[in-house]
file upload_26.tsv (TSV, N, CA and C atoms)
chain	number	residue	atom	x	y	z
A	1	MET	N	185.52	143.54	95.54
A	1	MET	CA	186.05	142.33	94.95
A	1	MET	C	187.33	141.90	95.65
A	2	LYS	N	188.23	142.84	95.86
A	2	LYS	CA	189.50	142.52	96.50
A	2	LYS	C	189.30	142.01	97.92
A	3	LYS	N	188.28	142.52	98.60
A	3	LYS	CA	188.02	142.09	99.97
A	3	LYS	C	187.43	140.69	100.02
A	4	ASN	N	186.80	140.25	98.95
A	4	ASN	CA	186.12	138.96	98.92
A	4	ASN	C	187.06	137.80	98.65
A	5	ILE	N	188.06	137.97	97.80
A	5	ILE	CA	188.98	136.89	97.44
A	5	ILE	C	190.14	136.86	98.43
A	6	THR	N	190.33	135.69	99.06
A	6	THR	CA	191.35	135.60	100.11
A	6	THR	C	192.55	134.73	99.73
A	7	GLY	N	192.40	133.90	98.72
A	7	GLY	CA	193.52	133.04	98.34
A	7	GLY	C	193.50	132.71	96.87
A	8	VAL	N	194.70	132.53	96.31
A	8	VAL	CA	194.84	132.14	94.90
A	8	VAL	C	195.82	130.98	94.84
A	9	GLU	N	195.40	129.91	94.21
A	9	GLU	CA	196.25	128.73	94.04
A	9	GLU	C	196.52	128.54	92.55
A	10	ILE	N	197.79	128.37	92.19
A	10	ILE	CA	198.15	128.09	90.81
A	10	ILE	C	198.25	126.58	90.65
A	11	LEU	N	197.41	126.02	89.82
A	11	LEU	CA	197.37	124.58	89.61
A	11	LEU	C	198.45	124.16	88.61
A	12	PRO	N	198.83	122.88	88.61
A	12	PRO	CA	199.87	122.41	87.67
A	12	PRO	C	199.56	122.72	86.21
A	13	SER	N	198.29	122.82	85.87
A	13	SER	CA	197.89	123.12	84.49
A	13	SER	C	198.09	124.59	84.13
A	14	GLY	N	198.39	125.42	85.14
A	14	GLY	CA	198.53	126.85	84.92
A	14	GLY	C	197.25	127.62	85.20
A	15	SER	N	196.19	126.91	85.52
A	15	SER	CA	194.92	127.55	85.87
A	15	SER	C	194.97	128.08	87.30
A	16	LEU	N	194.09	129.01	87.58
A	16	LEU	CA	194.00	129.59	88.92
A	16	LEU	C	192.74	129.11	89.62
A	17	ARG	N	192.84	128.88	90.92
A	17	ARG	CA	191.70	128.56	91.77
A	17	ARG	C	191.73	129.56	92.92
A	18	MET	N	190.60	130.18	93.19
A	18	MET	CA	190.53	131.21	94.23
A	18	MET	C	189.55	130.80	95.32
A	19	THR	N	189.83	131.25	96.53
A	19	THR	CA	188.92	131.04	97.64
A	19	THR	C	188.38	132.39	98.09
A	20	THR	N	187.21	132.35	98.72
A	20	THR	CA	186.56	133.59	99.13
A	20	THR	C	186.45	133.69	100.64
A	21	ARG	N	186.28	134.90	101.10
A	21	ARG	CA	186.22	135.18	102.54
A	21	ARG	C	184.86	134.83	103.14
A	22	ASN	N	183.79	135.29	102.55
A	22	ASN	CA	182.48	135.23	103.19
A	22	ASN	C	181.56	134.13	102.68
A	23	HIS	N	182.00	133.39	101.66
A	23	HIS	CA	181.10	132.40	101.07
A	23	HIS	C	181.85	131.09	100.90
A	24	ASP	N	181.09	130.00	100.93
A	24	ASP	CA	181.68	128.66	100.93
A	24	ASP	C	181.73	128.09	99.51
A	25	TYR	N	182.42	128.76	98.61
A	25	TYR	CA	182.63	128.24	97.27
A	25	TYR	C	184.01	128.60	96.78
A	26	GLU	N	184.46	127.85	95.77
A	26	GLU	CA	185.74	128.13	95.13
A	26	GLU	C	185.47	128.72	93.76
A	27	ILE	N	186.38	129.54	93.31
A	27	ILE	CA	186.29	130.12	91.98
A	27	ILE	C	187.35	129.45	91.11
A	28	GLU	N	186.89	128.74	90.09
A	28	GLU	CA	187.79	128.16	89.09
A	28	GLU	C	187.97	129.23	88.03
A	29	PHE	N	189.10	129.90	88.06
A	29	PHE	CA	189.32	131.06	87.18
A	29	PHE	C	189.84	130.66	85.81
A	30	GLY	N	190.53	129.56	85.73
A	30	GLY	CA	191.14	129.17	84.46
A	30	GLY	C	192.46	129.89	84.26
A	31	ARG	N	192.90	129.96	83.04
A	31	ARG	CA	194.16	130.63	82.73
A	31	ARG	C	193.97	132.15	82.75
A	32	THR	N	195.07	132.85	82.78
A	32	THR	CA	195.02	134.32	82.86
A	32	THR	C	194.86	134.93	81.46
A	33	ILE	N	193.80	134.52	80.81
A	33	ILE	CA	193.43	135.06	79.49
A	33	ILE	C	192.11	135.80	79.67
A	34	GLU	N	192.03	137.01	79.15
A	34	GLU	CA	190.83	137.85	79.25
A	34	GLU	C	190.41	138.02	80.72
A	35	VAL	N	191.35	138.40	81.54
A	35	VAL	CA	191.13	138.53	82.98
A	35	VAL	C	190.04	139.55	83.29
A	36	LYS	N	190.08	140.70	82.65
A	36	LYS	CA	189.08	141.74	82.92
A	36	LYS	C	187.67	141.23	82.62
A	37	ARG	N	187.53	140.56	81.50
A	37	ARG	CA	186.22	140.04	81.12
A	37	ARG	C	185.72	139.01	82.13
A	38	LYS	N	186.61	138.13	82.59
A	38	LYS	CA	186.22	137.12	83.57
A	38	LYS	C	185.79	137.77	84.88
A	39	PHE	N	186.53	138.78	85.33
A	39	PHE	CA	186.14	139.48	86.56
A	39	PHE	C	184.84	140.25	86.37
A	40	ASP	N	184.64	140.84	85.21
A	40	ASP	CA	183.37	141.52	84.93
A	40	ASP	C	182.20	140.53	84.99
A	41	ASN	N	182.39	139.35	84.41
A	41	ASN	CA	181.36	138.30	84.46
A	41	ASN	C	181.09	137.89	85.91
A	42	TYR	N	182.15	137.74	86.70
A	42	TYR	CA	181.99	137.35	88.10
A	42	TYR	C	181.25	138.43	88.88
A	43	LYS	N	181.61	139.68	88.66
A	43	LYS	CA	180.94	140.78	89.36
A	43	LYS	C	179.45	140.79	89.05
A	44	ALA	N	179.09	140.63	87.78
A	44	ALA	CA	177.68	140.62	87.39
A	44	ALA	C	176.95	139.44	88.04
A	45	PHE	N	177.57	138.27	87.99
A	45	PHE	CA	176.98	137.08	88.62
A	45	PHE	C	176.82	137.30	90.12
A	46	PHE	N	177.86	137.79	90.77
A	46	PHE	CA	177.86	137.97	92.21
A	46	PHE	C	176.75	138.93	92.65
A	47	GLN	N	176.62	140.05	91.97
A	47	GLN	CA	175.59	141.02	92.32
A	47	GLN	C	174.19	140.42	92.19
A	48	LYS	N	173.96	139.67	91.12
A	48	LYS	CA	172.65	139.05	90.91
A	48	LYS	C	172.40	137.95	91.94
A	49	ALA	N	173.41	137.13	92.22
A	49	ALA	CA	173.25	136.03	93.18
A	49	ALA	C	173.01	136.56	94.59
A	50	ILE	N	173.68	137.64	94.96
A	50	ILE	CA	173.45	138.26	96.27
A	50	ILE	C	172.03	138.82	96.34
A	51	GLN	N	171.62	139.49	95.29
A	51	GLN	CA	170.28	140.07	95.24
A	51	GLN	C	169.21	138.99	95.37
A	52	ASP	N	169.42	137.86	94.72
A	52	ASP	CA	168.45	136.76	94.75
A	52	ASP	C	168.65	135.82	95.94
A	53	THR	N	169.62	136.12	96.79
A	53	THR	CA	169.98	135.33	97.98
A	53	THR	C	170.22	133.85	97.66
A	54	ILE	N	170.90	133.59	96.55
A	54	ILE	CA	171.22	132.21	96.18
A	54	ILE	C	172.72	131.93	96.20
A	55	ILE	N	173.51	132.90	96.60
A	55	ILE	CA	174.96	132.79	96.52
A	55	ILE	C	175.50	131.63	97.34
A	56	ASP	N	174.90	131.33	98.48
A	56	ASP	CA	175.42	130.28	99.35
A	56	ASP	C	175.01	128.87	98.92
A	57	GLN	N	174.26	128.76	97.84
A	57	GLN	CA	173.88	127.44	97.33
A	57	GLN	C	174.97	126.81	96.47
A	58	TYR	N	175.95	127.60	96.06
A	58	TYR	CA	176.96	127.13	95.11
A	58	TYR	C	178.23	126.65	95.80
A	59	LYS	N	178.87	125.65	95.20
A	59	LYS	CA	180.14	125.13	95.68
A	59	LYS	C	181.30	125.55	94.79
A	60	VAL	N	181.03	125.66	93.48
A	60	VAL	CA	182.07	126.04	92.52
A	60	VAL	C	181.50	127.07	91.55
A	61	ILE	N	182.25	128.15	91.35
A	61	ILE	CA	181.94	129.16	90.35
A	61	ILE	C	183.04	129.06	89.30
A	62	ASN	N	182.68	128.67	88.09
A	62	ASN	CA	183.66	128.43	87.04
A	62	ASN	C	183.68	129.60	86.07
A	63	LEU	N	184.84	130.27	85.99
A	63	LEU	CA	185.01	131.41	85.10
A	63	LEU	C	185.93	131.09	83.93
A	64	LYS	N	186.18	129.82	83.68
A	64	LYS	CA	187.11	129.43	82.61
A	64	LYS	C	186.64	129.89	81.24
A	65	PHE	N	185.35	130.03	81.07
A	65	PHE	CA	184.79	130.45	79.79
A	65	PHE	C	184.51	131.94	79.83
A	66	THR	N	184.82	132.66	78.77
A	66	THR	CA	184.65	134.11	78.79
A	66	THR	C	183.22	134.54	78.46
A	67	GLN	N	182.41	133.65	77.92
A	67	GLN	CA	181.06	134.02	77.53
A	67	GLN	C	180.01	133.70	78.59
A	68	GLN	N	180.40	132.97	79.64
A	68	GLN	CA	179.42	132.56	80.63
A	68	GLN	C	180.08	132.23	81.97
A	69	VAL	N	179.27	132.22	83.00
A	69	VAL	CA	179.69	131.78	84.33
A	69	VAL	C	178.95	130.46	84.58
A	70	VAL	N	179.70	129.41	84.89
A	70	VAL	CA	179.11	128.09	85.13
A	70	VAL	C	179.21	127.81	86.62
A	71	CYS	N	178.06	127.49	87.23
A	71	CYS	CA	178.02	127.26	88.68
A	71	CYS	C	177.61	125.83	88.98
A	72	THR	N	178.19	125.28	90.05
A	72	THR	CA	177.86	123.94	90.50
A	72	THR	C	177.37	124.02	91.94
A	73	LYS	N	176.24	123.39	92.20
A	73	LYS	CA	175.69	123.39	93.55
A	73	LYS	C	176.25	122.25	94.36
call {"tool": "encode", "arguments": {"input": "upload_26.tsv", "output": "structure tokens"}}
result
Amino acid sequence: MKKNITGVEILPSGSLRMTTRNHDYEIEFGRTIEVKRKFDNYKAFFQKAIQDTIIDQYKVINLKFTQQVVCTK
């Protein structure tokens, strides 16, 4: 995980936006609430998306919600 995320931007709203090393999408992390849960959700999504070879279809991975990962193509 640490090797994949290369940049973190703090937006005026206090939300975080992250960029990745090997894939062409941004991660909209949201505020720093329930950080562990959000990273756990991202890890589960990432493993499944890599396995299904669909990871490069996405432009935005939204982790603002703790119950789900919302992706935009």
call {"tool": "axis_aligned_box", "arguments": {"input": "upload_26.tsv", "around": "stretch 40-50 of chain A", "padding_each_side": "8 Å", "output": "AutoDock Vina command-line options"}}
result
--center_x 178.3 --center_y 138.8 --center_z 90.4 --size_x 28.6 --size_y 21.5 --size_z 27.9
call {"tool": "select_by_dssp", "arguments": {"input": "upload_26.tsv", "residues": "chain A", "states": "helix (DSSP H, G or I)", "output": "ChimeraX atom specification"}}
result
/A:35-51,55-57
call {"tool": "closest_residue", "arguments": {"input": "upload_26.tsv", "among": "A:Gly7, A:Cys71, A:Leu16, A:Ile55", "to": "A:Thr32", "atoms": "all atoms listed in the file"}}
result
A:Leu16
call {"tool": "residues_around", "arguments": {"input": "upload_26.tsv", "residues": "stretch 35-48 of chain A", "least_positions_apart": "6", "cutoff": "7 Å", "atoms": "only N, CA and C atoms", "output": "tab-separated table (two decimals) with N, CA and C atoms, keeping the file's coordinate frame"}}
result
chain	number	residue	atom	x	y	z
A	54	ILE	N	170.90	133.59	96.55
A	54	ILE	CA	171.22	132.21	96.18
A	54	ILE	C	172.72	131.93	96.20
A	55	ILE	N	173.51	132.90	96.60
A	55	ILE	CA	174.96	132.79	96.52
A	55	ILE	C	175.50	131.63	97.34
A	63	LEU	N	184.84	130.27	85.99
A	63	LEU	CA	185.01	131.41	85.10
A	63	LEU	C	185.93	131.09	83.93
A	65	PHE	N	185.35	130.03	81.07
A	65	PHE	CA	184.79	130.45	79.79
A	65	PHE	C	184.51	131.94	79.83
A	66	THR	N	184.82	132.66	78.77
A	66	THR	CA	184.65	134.11	78.79
A	66	THR	C	183.22	134.54	78.46
A	68	GLN	N	180.40	132.97	79.64
A	68	GLN	CA	179.42	132.56	80.63
A	68	GLN	C	180.08	132.23	81.97
A	69	VAL	N	179.27	132.22	83.00
A	69	VAL	CA	179.69	131.78	84.33
A	69	VAL	C	178.95	130.46	84.58
call {"tool": "atom_distance", "arguments": {"input": "upload_26.tsv", "atom1": "atom CA of A:Glu26", "atom2": "atom CA of A:Val70"}}
result
12.0 Å
call {"tool": "closest_residue", "arguments": {"input": "upload_26.tsv", "among": "A:Asn22, A:Asn4, A:Ser15, A:Thr72", "to": "A:Tyr58", "atoms": "all atoms listed in the file"}}
result
A:Thr72
call {"tool": "closest_residue", "arguments": {"input": "upload_26.tsv", "among": "A:Glu28, A:Asp52, A:Glu34, A:Ser13", "to": "A:Lys64", "atoms": "all atoms listed in the file"}}
result
A:Glu28
call {"tool": "atom_distance", "arguments": {"input": "upload_26.tsv", "atom1": "atom CA of A:Ile27", "atom2": "atom CA of A:Lys59"}}
result
8.7 Å
